[in-house]
file query_23.txt (compact mmCIF, C-alpha atoms (C1' of nucleotides))
# COMPACT_ATOMS: atom_id res chain seq x y z
CA MET A 886 0.00 0.00 0.00
CA ARG A 887 0.97 3.58 -0.50
CA THR A 888 2.71 5.31 2.42
CA ARG A 889 1.38 8.35 4.15
CA ASP A 890 3.21 11.60 3.39
CA ASP A 891 4.01 13.22 6.71
CA ASN A 892 5.04 16.47 5.09
CA LYS A 893 1.49 16.89 3.89
CA ILE A 894 -0.01 16.42 7.31
CA GLN A 895 2.44 18.93 8.73
CA ALA A 896 1.69 21.39 5.92
CA ILE A 897 -2.04 21.09 6.52
CA ARG A 898 -1.61 21.73 10.23
CA ALA A 899 0.72 24.68 9.81
CA HIS A 900 -1.29 26.41 7.12
CA ALA A 901 -4.55 25.87 8.96
CA VAL A 902 -3.26 27.53 12.11
CA GLU A 903 -1.70 30.38 10.15
CA MET A 904 -4.87 30.96 8.16
CA ILE A 905 -7.07 31.03 11.26
CA VAL A 906 -4.71 33.39 13.09
CA LYS A 907 -4.42 35.78 10.15
CA GLN A 908 -7.96 35.67 8.79
CA GLY A 909 -10.08 34.37 11.64
CA PHE A 910 -12.48 31.45 11.59
CA ASP A 911 -14.60 33.05 8.90
CA GLY A 912 -11.59 33.61 6.66
CA PHE A 913 -10.65 29.96 6.96
CA SER A 914 -12.06 27.53 4.41
CA MET A 915 -11.31 23.95 3.42
CA GLN A 916 -10.70 24.87 -0.20
CA LYS A 917 -8.32 27.69 0.64
CA LEU A 918 -6.49 25.47 3.11
CA ALA A 919 -6.14 22.71 0.51
CA LYS A 920 -4.67 25.14 -1.99
CA ALA A 921 -2.30 26.68 0.57
CA ALA A 922 -1.07 23.28 1.74
CA GLY A 923 -0.67 22.01 -1.83
CA VAL A 924 -3.20 19.24 -1.38
CA SER A 925 -6.57 18.23 -2.81
CA PRO A 926 -9.63 19.24 -0.80
CA ALA A 927 -10.56 15.55 -0.71
CA THR A 928 -7.32 14.77 1.09
CA LEU A 929 -8.41 16.84 4.06
CA TYR A 930 -11.35 14.49 4.51
CA ILE A 931 -9.03 11.52 4.83
CA TYR A 932 -7.57 12.97 7.99
CA TYR A 933 -10.54 14.91 9.31
CA LYS A 934 -14.22 14.10 9.42
CA ASP A 935 -15.25 17.66 8.57
CA ARG A 936 -14.26 21.28 9.04
CA GLU A 937 -15.15 21.37 12.70
CA ASP A 938 -13.31 18.14 13.40
CA LEU A 939 -10.21 19.61 11.77
CA ILE A 940 -10.34 22.67 13.99
CA MET A 941 -10.95 20.64 17.12
CA GLN A 942 -8.14 18.20 16.39
CA LEU A 943 -5.82 21.13 15.78
CA TRP A 944 -6.84 22.60 19.09
CA ALA A 945 -6.47 19.34 21.01
CA ALA A 946 -2.91 18.94 19.77
CA SER A 947 -2.03 22.54 20.61
CA PHE A 948 -3.59 22.29 24.05
CA SER A 949 -1.80 19.06 24.85
CA ALA A 950 1.58 20.45 23.82
CA MET A 951 1.02 23.54 25.92
CA ALA A 952 -0.10 21.55 28.97
CA THR A 953 3.00 19.38 28.75
CA ALA A 954 5.29 22.39 28.40
CA THR A 955 3.64 24.03 31.41
CA LEU A 956 4.51 21.15 33.71
CA LYS A 957 8.18 20.86 32.71
CA ASN A 958 10.35 20.76 35.85
CA PHE A 959 7.24 21.17 37.96
CA ASP A 960 6.88 19.01 41.04
CA PRO A 961 3.71 19.07 43.18
CA SER A 962 5.83 19.00 46.32
CA MET A 963 7.33 22.39 45.52
CA SER A 964 6.42 25.37 47.66
CA PHE A 965 3.56 27.41 46.28
CA SER A 966 5.59 30.36 45.06
CA GLU A 967 8.22 28.11 43.49
CA GLY A 968 5.57 25.93 41.83
CA LEU A 969 3.67 28.89 40.48
CA ARG A 970 6.92 30.43 39.26
CA VAL A 971 7.82 27.31 37.29
CA GLN A 972 4.37 26.96 35.72
CA TRP A 973 4.04 30.64 35.04
CA LEU A 974 7.39 31.05 33.30
CA ASN A 975 7.03 27.77 31.40
CA ARG A 976 3.76 28.91 30.02
CA ALA A 977 4.88 32.43 29.21
CA LYS A 978 8.00 31.21 27.41
CA TYR A 979 5.95 28.69 25.49
CA CYS A 980 3.52 31.39 24.36
CA LEU A 981 6.37 33.57 23.16
CA LYS A 982 8.06 30.65 21.41
CA TYR A 983 4.93 29.48 19.57
CA PRO A 984 2.91 32.64 19.03
CA GLN A 985 0.75 31.21 16.25
CA GLU A 986 -0.40 28.25 18.33
CA MET A 987 -1.02 30.60 21.20
CA GLN A 988 -3.10 33.05 19.20
CA PHE A 989 -5.03 30.21 17.63
CA MET A 990 -5.91 28.81 21.05
CA GLU A 991 -6.84 32.23 22.40
CA GLN A 992 -9.10 32.86 19.45
CA LEU A 993 -10.86 29.55 19.87
CA ARG A 994 -11.07 30.08 23.63
CA HIS A 995 -13.14 33.21 23.07
CA SER A 996 -15.38 31.76 20.36
CA PRO A 997 -18.44 29.53 20.62
CA LEU A 998 -16.24 26.53 19.75
CA GLN A 999 -14.74 26.77 23.21
CA GLU A 1000 -17.66 24.86 24.66
CA LYS A 1001 -16.97 21.82 22.52
CA ALA A 1002 -13.26 22.11 23.19
CA LEU A 1003 -13.83 22.01 26.93
CA GLU A 1004 -15.60 18.68 26.64
CA MET A 1005 -12.45 17.15 25.20
CA VAL A 1006 -10.19 18.16 28.08
CA ASP A 1007 -9.04 15.32 30.25
CA GLY A 1008 -9.78 15.82 33.94
CA GLY A 1009 -6.21 15.04 35.03
CA PHE A 1010 -4.96 18.54 34.43
CA LYS A 1011 -7.78 20.03 36.46
CA ASN A 1012 -7.18 17.66 39.36
CA ALA A 1013 -3.45 18.37 39.43
CA MET A 1014 -4.23 22.09 39.59
CA TYR A 1015 -6.86 21.57 42.25
CA THR A 1016 -4.53 19.55 44.45
CA PHE A 1017 -1.71 22.05 44.08
CA VAL A 1018 -3.97 24.93 45.06
CA ASN A 1019 -5.60 23.17 48.00
CA ASN A 1020 -2.28 21.97 49.41
CA ALA A 1021 -0.87 25.48 49.15
CA ILE A 1022 -3.85 26.83 51.08
CA LYS A 1023 -3.45 24.13 53.72
CA LYS A 1024 0.23 25.05 54.14
CA ASN A 1025 -0.82 28.70 54.41
CA GLU A 1026 1.31 29.63 51.41
CA LEU A 1027 -1.69 30.81 49.38
CA VAL A 1028 -4.60 33.03 50.35
CA LYS A 1029 -7.84 31.12 50.85
CA VAL A 1030 -9.64 31.60 47.53
CA GLN A 1031 -11.64 29.55 45.06
CA LEU A 1032 -9.82 27.85 42.21
CA GLU A 1033 -11.29 30.35 39.76
CA VAL A 1034 -10.06 33.38 41.65
CA TYR A 1035 -6.62 31.83 41.92
CA TRP A 1036 -6.50 31.04 38.21
CA SER A 1037 -7.74 34.48 37.21
CA ILE A 1038 -5.20 36.35 39.28
CA ALA A 1039 -2.35 33.96 38.58
CA PHE A 1040 -2.60 33.53 34.82
CA ALA A 1041 -4.92 36.04 33.22
CA PRO A 1042 -2.42 38.91 33.61
CA MET A 1043 0.28 36.86 31.90
CA TYR A 1044 -1.95 35.99 28.96
CA ASN A 1045 -2.81 39.62 28.63
CA LEU A 1046 0.82 40.72 28.57
CA VAL A 1047 1.59 38.09 25.95
CA LYS A 1048 -1.36 39.34 23.93
CA PHE A 1049 -0.13 42.94 24.08
CA HIS A 1050 3.31 41.72 23.06
CA LEU A 1051 2.16 39.66 20.09
CA GLU A 1052 0.03 42.52 18.82
CA GLY A 1053 3.07 44.77 19.26
CA GLN A 1054 0.85 47.32 20.94
CA SER A 1055 -1.40 47.76 23.93
CA ILE A 1056 -3.98 50.37 24.95
CA GLY A 1057 -4.52 53.06 22.36
CA GLY A 1058 -1.86 51.85 19.92
CA LYS A 1059 0.99 52.29 22.41
CA LYS A 1060 4.03 50.23 21.36
CA PHE A 1061 4.87 47.36 23.69
CA THR A 1062 7.47 44.60 23.97
CA LEU A 1063 7.40 41.97 26.68
CA THR A 1064 10.87 41.70 28.16
CA ASP A 1065 12.16 39.20 30.69
CA LYS A 1066 12.37 41.99 33.22
CA VAL A 1067 8.69 42.88 32.84
CA LEU A 1068 7.75 39.21 32.98
CA HIS A 1069 9.50 38.67 36.32
CA GLU A 1070 8.23 41.97 37.68
CA THR A 1071 4.65 40.95 36.94
CA LEU A 1072 5.15 37.50 38.41
CA ALA A 1073 6.40 39.11 41.61
CA LEU A 1074 3.23 41.19 41.88
CA VAL A 1075 1.05 38.15 41.22
CA ILE A 1076 2.80 36.23 43.96
CA LYS A 1077 2.41 39.20 46.27
CA ALA A 1078 -1.33 39.21 45.63
CA LEU A 1079 -1.70 35.50 46.29
CA THR A 1080 0.55 35.21 49.35
CA PRO A 1081 -1.22 35.47 52.74
CA MET B 164 -40.43 61.03 2.64
CA ARG B 165 -40.86 57.74 4.38
CA THR B 166 -39.69 57.61 8.01
CA ARG B 167 -36.98 55.32 9.27
CA ASP B 168 -38.21 52.39 11.37
CA ASP B 169 -36.19 52.39 14.57
CA ASN B 170 -37.47 48.98 15.58
CA LYS B 171 -35.74 47.56 12.54
CA ILE B 172 -32.42 49.13 13.38
CA GLN B 173 -32.68 47.80 16.92
CA ALA B 174 -33.66 44.36 15.68
CA ILE B 175 -30.70 44.25 13.32
CA ARG B 176 -28.31 45.20 16.10
CA ALA B 177 -29.72 42.77 18.62
CA HIS B 178 -29.88 39.80 16.28
CA ALA B 179 -26.41 40.48 14.90
CA VAL B 180 -24.83 40.44 18.35
CA GLU B 181 -26.80 37.37 19.36
CA MET B 182 -25.87 35.52 16.19
CA ILE B 183 -22.18 36.30 16.56
CA VAL B 184 -22.14 35.30 20.22
CA LYS B 185 -23.98 32.03 19.58
CA GLN B 186 -22.46 31.00 16.26
CA GLY B 187 -19.23 32.94 15.98
CA PHE B 188 -18.11 35.17 13.13
CA ASP B 189 -18.21 32.30 10.68
CA GLY B 190 -21.76 31.41 11.65
CA PHE B 191 -22.85 34.97 11.08
CA SER B 192 -24.08 35.94 7.61
CA MET B 193 -25.92 38.88 6.12
CA GLN B 194 -28.70 36.71 4.74
CA LYS B 195 -29.26 34.90 8.02
CA LEU B 196 -29.22 38.21 9.88
CA ALA B 197 -31.76 39.73 7.48
CA LYS B 198 -34.09 36.79 7.95
CA ALA B 199 -33.69 36.81 11.74
CA ALA B 200 -34.34 40.54 11.96
CA GLY B 201 -37.31 40.35 9.60
CA VAL B 202 -35.73 42.60 7.02
CA SER B 203 -34.55 42.39 3.43
CA PRO B 204 -30.82 41.76 2.93
CA ALA B 205 -30.72 44.95 0.89
CA THR B 206 -31.91 46.94 3.89
CA LEU B 207 -28.73 46.06 5.74
CA TYR B 208 -26.78 47.85 3.04
CA ILE B 209 -28.68 51.05 3.68
CA TYR B 210 -27.25 51.23 7.18
CA TYR B 211 -23.91 49.52 6.65
CA LYS B 212 -21.40 49.68 3.82
CA ASP B 213 -20.66 45.96 3.99
CA ARG B 214 -20.42 43.04 6.38
CA GLU B 215 -17.22 44.26 8.00
CA ASP B 216 -18.58 47.75 8.43
CA LEU B 217 -21.62 46.31 10.18
CA ILE B 218 -19.45 44.39 12.63
CA MET B 219 -17.19 47.36 13.28
CA GLN B 220 -20.09 49.74 13.87
CA LEU B 221 -21.62 47.25 16.25
CA TRP B 222 -18.33 47.06 18.10
CA ALA B 223 -17.83 50.82 18.22
CA ALA B 224 -21.24 51.29 19.81
CA SER B 225 -20.64 48.52 22.35
CA PHE B 226 -17.21 49.83 23.21
CA SER B 227 -18.44 53.36 23.66
CA ALA B 228 -21.27 52.29 25.95
CA MET B 229 -18.88 50.23 28.03
CA ALA B 230 -16.33 53.04 28.29
CA THR B 231 -19.01 55.44 29.46
CA ALA B 232 -20.32 52.99 32.04
CA THR B 233 -16.79 52.42 33.32
CA LEU B 234 -16.30 56.08 34.16
CA LYS B 235 -19.60 56.56 36.01
CA ASN B 236 -18.92 58.27 39.36
CA PHE B 237 -15.21 58.21 38.60
CA ASP B 238 -13.18 61.31 39.35
CA PRO B 239 -9.48 61.58 38.42
CA SER B 240 -8.78 63.25 41.75
CA MET B 241 -9.77 60.11 43.64
CA SER B 242 -7.13 58.13 45.47
CA PHE B 243 -5.75 55.24 43.45
CA SER B 244 -7.50 52.46 45.31
CA GLU B 245 -10.80 54.31 45.31
CA GLY B 246 -10.52 55.18 41.61
CA LEU B 247 -9.61 51.63 40.65
CA ARG B 248 -12.46 50.31 42.79
CA VAL B 249 -15.00 52.49 41.02
CA GLN B 250 -13.77 51.61 37.54
CA TRP B 251 -13.38 47.95 38.37
CA LEU B 252 -16.84 47.47 39.82
CA ASN B 253 -18.49 49.63 37.16
CA ARG B 254 -16.98 47.48 34.49
CA ALA B 255 -17.72 44.17 36.17
CA LYS B 256 -21.36 45.10 36.81
CA TYR B 257 -21.71 46.25 33.23
CA CYS B 258 -20.35 42.96 31.94
CA LEU B 259 -22.78 41.02 34.05
CA LYS B 260 -25.68 43.24 33.04
CA TYR B 261 -25.00 43.02 29.29
CA PRO B 262 -23.42 39.62 28.80
CA GLN B 263 -24.12 39.44 25.06
CA GLU B 264 -22.38 42.73 24.35
CA MET B 265 -19.54 41.65 26.55
CA GLN B 266 -19.08 38.29 24.88
CA PHE B 267 -19.33 39.90 21.47
CA MET B 268 -16.57 42.36 22.38
CA GLU B 269 -14.39 39.66 23.87
CA GLN B 270 -14.75 37.53 20.77
CA LEU B 271 -13.81 40.40 18.50
CA ARG B 272 -10.96 41.38 20.79
CA HIS B 273 -9.37 37.97 20.25
CA SER B 274 -9.94 37.82 16.50
CA PRO B 275 -8.00 39.42 13.65
CA LEU B 276 -10.67 42.14 13.47
CA GLN B 277 -9.27 43.56 16.69
CA GLU B 278 -6.54 45.35 14.75
CA LYS B 279 -9.04 47.38 12.75
CA ALA B 280 -11.11 48.01 15.86
CA LEU B 281 -8.12 49.49 17.67
CA GLU B 282 -7.66 52.07 14.94
CA MET B 283 -11.11 53.43 15.68
CA VAL B 284 -10.50 54.04 19.37
CA ASP B 285 -10.29 57.66 20.34
CA GLY B 286 -7.10 58.53 22.21
CA GLY B 287 -8.93 60.27 25.05
CA PHE B 288 -9.63 57.08 26.95
CA LYS B 289 -5.98 56.05 26.77
CA ASN B 290 -4.79 59.45 27.97
CA ALA B 291 -7.21 59.49 30.91
CA MET B 292 -5.93 56.05 31.93
CA TYR B 293 -2.32 57.12 31.46
CA THR B 294 -2.77 60.21 33.62
CA PHE B 295 -4.57 58.31 36.36
CA VAL B 296 -1.80 55.70 36.51
CA ASN B 297 1.08 58.17 36.42
CA ASN B 298 -0.45 60.38 39.09
CA ALA B 299 -1.00 57.36 41.31
CA ILE B 300 2.66 56.39 40.92
CA LYS B 301 3.75 59.94 41.71
CA LYS B 302 1.65 59.93 44.87
CA ASN B 303 3.20 56.56 45.76
CA GLU B 304 -0.22 54.89 45.83
CA LEU B 305 0.64 52.51 42.98
CA VAL B 306 3.75 50.38 42.41
CA LYS B 307 6.00 51.76 39.68
CA VAL B 308 5.03 49.69 36.64
CA GLN B 309 4.33 50.21 32.97
CA LEU B 310 0.79 50.93 31.87
CA GLU B 311 0.54 47.44 30.36
CA VAL B 312 1.50 45.68 33.56
CA TYR B 313 -0.96 47.78 35.50
CA TRP B 314 -3.76 47.04 33.07
CA SER B 315 -3.02 43.32 32.95
CA ILE B 316 -3.01 42.90 36.71
CA ALA B 317 -5.90 45.27 37.33
CA PHE B 318 -8.41 44.13 34.74
CA ALA B 319 -7.48 40.81 33.17
CA PRO B 320 -8.47 38.81 36.28
CA MET B 321 -11.88 40.47 36.33
CA TYR B 322 -12.55 39.71 32.68
CA ASN B 323 -11.53 36.14 33.30
CA LEU B 324 -13.91 35.76 36.25
CA VAL B 325 -16.74 37.22 34.18
CA LYS B 326 -15.87 34.78 31.40
CA PHE B 327 -16.00 31.81 33.78
CA HIS B 328 -19.31 33.09 35.08
CA LEU B 329 -20.94 33.59 31.69
CA GLU B 330 -19.86 30.14 30.57
CA GLY B 331 -21.26 28.82 33.85
CA GLN B 332 -18.11 26.81 34.30
CA SER B 333 -14.37 27.19 34.68
CA ILE B 334 -11.43 24.81 34.54
CA GLY B 335 -12.39 21.25 33.67
CA GLY B 336 -16.14 21.84 33.59
CA LYS B 337 -16.31 22.92 37.23
CA LYS B 338 -19.51 24.90 37.91
CA PHE B 339 -18.98 28.53 38.76
CA THR B 340 -21.07 31.58 39.65
CA LEU B 341 -19.59 35.00 40.19
CA THR B 342 -21.01 36.43 43.41
CA ASP B 343 -20.56 39.92 44.81
CA LYS B 344 -18.45 38.45 47.57
CA VAL B 345 -16.02 36.85 45.12
CA LEU B 346 -15.90 40.05 43.10
CA HIS B 347 -14.88 42.16 46.10
CA GLU B 348 -12.48 39.52 47.34
CA THR B 349 -10.69 39.52 44.00
CA LEU B 350 -10.61 43.30 43.86
CA ALA B 351 -8.96 43.33 47.27
CA LEU B 352 -6.21 41.02 46.03
CA VAL B 353 -5.68 43.12 42.93
CA ILE B 354 -5.32 46.26 45.03
CA LYS B 355 -2.92 44.44 47.31
CA ALA B 356 -0.76 43.51 44.31
CA LEU B 357 -0.69 47.05 42.99
CA THR B 358 -0.17 48.92 46.26
CA PRO B 359 3.47 49.71 47.17
C1' DC C 590 -45.51 64.39 -5.20
C1' DA C 591 -40.71 64.08 -4.17
C1' DT C 592 -37.78 61.17 -1.94
C1' DA C 593 -35.87 58.25 1.52
C1' DA C 594 -36.97 53.66 3.34
C1' DC C 595 -37.54 49.36 2.07
C1' DT C 596 -37.97 44.96 -0.59
C1' DA C 597 -38.01 40.57 -3.77
C1' DA C 598 -35.33 38.48 -6.73
C1' DA C 599 -31.24 37.74 -8.66
C1' DC C 600 -25.91 37.73 -9.42
C1' DG C 601 -21.44 35.25 -9.68
C1' DA C 602 -18.25 33.57 -6.31
C1' DA C 603 -17.02 30.73 -2.80
C1' DC C 604 -18.44 27.32 0.34
C1' DA C 605 -18.19 22.20 2.52
C1' DT C 606 -18.29 17.90 0.98
C1' DT C 607 -18.37 13.68 -2.20
C1' DC C 608 -17.37 10.62 -6.08
C1' DA C 609 -14.93 8.08 -9.42
C1' DT C 610 -10.19 7.44 -10.45
C1' DT C 611 -5.35 7.26 -10.28
C1' DT C 612 -0.90 6.61 -7.81
C1' DA C 613 2.51 4.62 -4.94
C1' DT C 614 4.26 1.09 -2.18
C1' DA C 615 4.41 -3.02 1.25
C1' DT C 616 4.05 -7.56 0.71
C1' DA C 617 3.24 -12.14 -1.54
C1' DT C 618 4.53 -15.07 -5.32
C1' DT C 619 7.41 -16.63 -8.63
C1' DA D 352 15.80 -10.83 -7.90
C1' DA D 353 11.92 -9.79 -10.58
C1' DT D 354 7.12 -9.36 -10.93
C1' DA D 355 2.24 -9.32 -9.59
C1' DT D 356 -1.29 -8.03 -6.35
C1' DA D 357 -3.73 -5.66 -2.86
C1' DT D 358 -4.91 -1.47 -0.82
C1' DA D 359 -4.28 2.91 1.50
C1' DA D 360 -3.14 7.57 -0.03
C1' DA D 361 -4.18 11.03 -2.88
C1' DT D 362 -6.57 13.48 -6.41
C1' DG D 363 -9.49 16.61 -10.00
C1' DA D 364 -13.80 17.64 -10.97
C1' DA D 365 -18.27 18.06 -9.69
C1' DT D 366 -22.32 18.45 -6.32
C1' DG D 367 -25.93 21.50 -4.38
C1' DT D 368 -25.88 25.23 -1.03
C1' DT D 369 -24.97 29.46 0.91
C1' DC D 370 -22.35 33.50 0.70
C1' DG D 371 -22.01 38.95 0.18
C1' DT D 372 -23.80 42.19 -2.58
C1' DT D 373 -26.62 44.62 -6.30
C1' DT D 374 -30.44 45.97 -9.16
C1' DA D 375 -34.87 47.41 -10.38
C1' DG D 376 -38.86 48.47 -8.43
C1' DT D 377 -42.50 49.38 -4.53
C1' DT D 378 -44.11 51.76 -0.34
C1' DA D 379 -44.88 55.25 2.96
C1' DT D 380 -44.67 59.81 4.57
C1' DG D 381 -42.76 64.93 4.98

call {"tool": "encode", "arguments": {"input": "query_23.txt", "output": "structure tokens"}}
result
Amino acid sequence: MRTRDDNKIQAIRAHAVEMIVKQGFDGFSMQKLAKAAGVSPATLYIYYKDREDLIMQLWAASFSAMATATLKNFDPSMSFSEGLRVQWLNRAKYCLKYPQEMQFMEQLRHSPLQEKALEMVDGGFKNAMYTFVNNAIKKNELVKVQLEVYWSIAFAPMYNLVKFHLEGQSIGGKKFTLTDKVLHETLALVIKALTP
Amino acid sequence: MRTRDDNKIQAIRAHAVEMIVKQGFDGFSMQKLAKAAGVSPATLYIYYKDREDLIMQLWAASFSAMATATLKNFDPSMSFSEGLRVQWLNRAKYCLKYPQEMQFMEQLRHSPLQEKALEMVDGGFKNAMYTFVNNAIKKNELVKVQLEVYWSIAFAPMYNLVKFHLEGQSIGGKKFTLTDKVLHETLALVIKALTP
DNA sequence: CATAACTAAACGAACATTCATTTATATATT
DNA sequence: AATATATAAATGAATGTTCGTTTAGTTATG
């Protein structure tokens, strides 16, 4: 039998993400993707059931890669501030290293597709987070707040800084670049907020 | 001459926002909107140059209403924590009161259309924010950080909480409702982070 | 009765998806 | 080592549908 051409699969993936980031979900079509990836439209339907399945599979792969990168060198037995630091910087660096994937995920996260994406998430990640937070509270290293408040204060500011950076500008067209210094400065403030 | 039917304009607006929130930008079409609003497709082109113009005008109106609501009872001479409190709660309450508008704006904000939307923003809002922040730093009521860091820590957590709330769930499908208590609790942590 | 508001019907283009074929290669047979 | 066979991979062209937008004409009111 004929062998599968991995370059094609890679090309499809890369061009799909790029097209969605640059033109949005409504600028993304199967026919345009096929042309961009140098492939027949019919080929897309070998790998993906339909348009939505393609998008969701793309997202699942991106999410999984990001989750793995976030937990690099992380150990649940770490102190709260050290554990948060590791996760926070891992994630920030990953976002800066793979901006397209990041912007694609952010776009999906704020679209109606997010609901379907959430259903695909394995509960392990949530439980790990939950345990980390609850242990930190028990050890009195983290203020006593709900998981959602913790998450919002811990990570939302970082995503927002990355967003400003990738757009190259922030409020009112002001130029902005996210430096290491700013990253650590912000992390320090986040830890200050969350420490009892 | 014939008089303009305001109900129609309102219906167009309302159905457009609802359609975009529920089905995303790629589920939103001029023909579907016309049918939903009980209007001929051609009528849409009396009020809007084209599809993109319609979306951008919708956004501009939403943004303007939100900006106005944010500054209600705000006075630049307020202390930093009091001024932030007023803006923060104004904005949060507004988001909870008009969830559709909010979700529409958030979706656009994370799509490629955001770039064009930014060009439309009047510089006054940015300058007011800039002055407020710089004065607060001068008075030593706010840690010395860039505008972007301030914004990210001050408002990104709130938007994230509202997002969790409107979805009815947060990380891993966990149920979540944003209460007044949680709102104030989070604000307190944000102020703690930003106070020298 | 002038004119802006509004519409029904239509336009070609682009859409997601499918169908009938062709192509390439791993393996079985000589 | 050479050839045949089976079959997954890949395709070009077509499907009917929906898209954004326009045109030619009707309706309502100052």

call {"tool": "interface_residues", "arguments": {"input": "query_23.txt", "of": "chain A", "to": "chain D", "cutoff": "6 Å", "atoms": "only C-alpha atoms (C1' of nucleotides)", "output": "CSV table (one decimal) with C-alpha atoms, in the frame of the given file"}}
result
chain,number,residue,atom,x,y,z
A,886,MET,CA,0.0,0.0,0.0
A,887,ARG,CA,1.0,3.6,-0.5
A,925,SER,CA,-6.6,18.2,-2.8

call {"tool": "closest_residue", "arguments": {"input": "query_23.txt", "among": "B:Tyr293, B:Tyr211, B:Phe327, B:Phe267", "to": "Gln186 in chain B", "atoms": "only C-alpha atoms"}}
result
B:Phe267

call {"tool": "atom_distance", "arguments": {"input": "query_23.txt", "atom1": "CA of Gln263 in chain B", "atom2": "CA of Glu278 in chain B"}}
result
21.2 Å

call {"tool": "closest_atom_pairs", "arguments": {"input": "query_23.txt", "of": "chain B", "to": "chain A", "cutoff": "7 Å", "atoms": "only C-alpha atoms", "output": "Markdown table"}}
result
| residue | atom | partner | partner_atom | distance |
| --- | --- | --- | --- | --- |
| B:Val184 | CA | A:Pro997 | CA | 6.9 |
| B:Lys185 | CA | A:Pro997 | CA | 6.2 |
| B:Gln186 | CA | A:Pro997 | CA | 6.1 |
| B:Gly187 | CA | A:Pro997 | CA | 5.8 |
| B:Phe188 | CA | A:Asp911 | CA | 5.9 |
| B:Asp189 | CA | A:Asp911 | CA | 4.1 |
| B:Glu269 | CA | A:His995 | CA | 6.6 |
| B:Gln270 | CA | A:His995 | CA | 5.2 |
| B:His273 | CA | A:Gln992 | CA | 5.2 |
| B:Ser274 | CA | A:Gln992 | CA | 5.8 |
| B:Pro275 | CA | A:Gly909 | CA | 5.8 |
| B:Leu281 | CA | A:Gly1057 | CA | 6.9 |
| B:Val284 | CA | A:Gly1057 | CA | 6.8 |
| B:Gly286 | CA | A:Gly1057 | CA | 6.0 |
| B:Lys289 | CA | A:Gly1057 | CA | 5.5 |
| B:Glu311 | CA | A:Ser1055 | CA | 6.7 |
| B:Val312 | CA | A:Thr1071 | CA | 6.6 |
| B:Ser315 | CA | A:Pro1042 | CA | 4.5 |
| B:Ile316 | CA | A:Pro1042 | CA | 5.1 |
| B:Ala319 | CA | A:Ala1041 | CA | 5.4 |
| B:Pro320 | CA | A:Ser1037 | CA | 4.5 |
| B:Asn323 | CA | A:Ser1037 | CA | 5.7 |
| B:Leu324 | CA | A:Ser1037 | CA | 6.4 |
| B:Ser333 | CA | A:Glu1033 | CA | 6.7 |
| B:Ile334 | CA | A:Lys1011 | CA | 6.3 |
| B:Gly335 | CA | A:Lys1011 | CA | 5.5 |
| B:Thr349 | CA | A:Val1034 | CA | 6.6 |
| B:Leu352 | CA | A:Ala1078 | CA | 5.2 |
| B:Val353 | CA | A:Ala1078 | CA | 6.4 |
| B:Lys355 | CA | A:Ala1078 | CA | 5.7 |
| B:Ala356 | CA | A:Ala1078 | CA | 4.5 |

call {"tool": "interface_residues", "arguments": {"input": "query_23.txt", "of": "chain C", "to": "chain B", "cutoff": "12 Å", "atoms": "all atoms listed in the file", "output": "ChimeraX atom specification"}}
result
/C:590-599,604

call {"tool": "build_atoms", "arguments": {"input": "query_23.txt", "residues": "range 1072-1081 of chain A", "atoms": "N, CA and C atoms", "output": "PDB file, keeping the file's coordinate frame"}}
result
ATOM      1  N   LEU A1072       5.264  38.713  37.593  1.00  0.00           N
ATOM      2  CA  LEU A1072       5.150  37.500  38.410  1.00  0.00           C
ATOM      3  C   LEU A1072       5.275  37.839  39.892  1.00  0.00           C
ATOM      4  N   ALA A1073       6.202  38.727  40.209  1.00  0.00           N
ATOM      5  CA  ALA A1073       6.400  39.110  41.610  1.00  0.00           C
ATOM      6  C   ALA A1073       5.123  39.727  42.187  1.00  0.00           C
ATOM      7  N   LEU A1074       4.461  40.558  41.396  1.00  0.00           N
ATOM      8  CA  LEU A1074       3.230  41.190  41.880  1.00  0.00           C
ATOM      9  C   LEU A1074       2.114  40.162  42.050  1.00  0.00           C
ATOM     10  N   VAL A1075       2.062  39.206  41.132  1.00  0.00           N
ATOM     11  CA  VAL A1075       1.050  38.150  41.220  1.00  0.00           C
ATOM     12  C   VAL A1075       1.259  37.333  42.496  1.00  0.00           C
ATOM     13  N   ILE A1076       2.507  37.006  42.759  1.00  0.00           N
ATOM     14  CA  ILE A1076       2.800  36.230  43.960  1.00  0.00           C
ATOM     15  C   ILE A1076       2.472  37.035  45.219  1.00  0.00           C
ATOM     16  N   LYS A1077       2.763  38.320  45.138  1.00  0.00           N
ATOM     17  CA  LYS A1077       2.410  39.200  46.270  1.00  0.00           C
ATOM     18  C   LYS A1077       0.903  39.161  46.533  1.00  0.00           C
ATOM     19  N   ALA A1078       0.128  39.222  45.469  1.00  0.00           N
ATOM     20  CA  ALA A1078      -1.330  39.210  45.630  1.00  0.00           C
ATOM     21  C   ALA A1078      -1.803  37.913  46.267  1.00  0.00           C
ATOM     22  N   LEU A1079      -1.183  36.813  45.892  1.00  0.00           N
ATOM     23  CA  LEU A1079      -1.700  35.500  46.290  1.00  0.00           C
ATOM     24  C   LEU A1079      -1.088  34.961  47.583  1.00  0.00           C
ATOM     25  N   THR A1080      -0.083  35.670  48.118  1.00  0.00           N
ATOM     26  CA  THR A1080       0.550  35.210  49.350  1.00  0.00           C
ATOM     27  C   THR A1080      -0.161  35.815  50.558  1.00  0.00           C
ATOM     28  N   PRO A1081      -0.473  34.986  51.570  1.00  0.00           N
ATOM     29  CA  PRO A1081      -1.220  35.470  52.740  1.00  0.00           C
ATOM     30  C   PRO A1081      -0.447  36.566  53.495  1.00  0.00           C
TER      31      PRO A1081
END
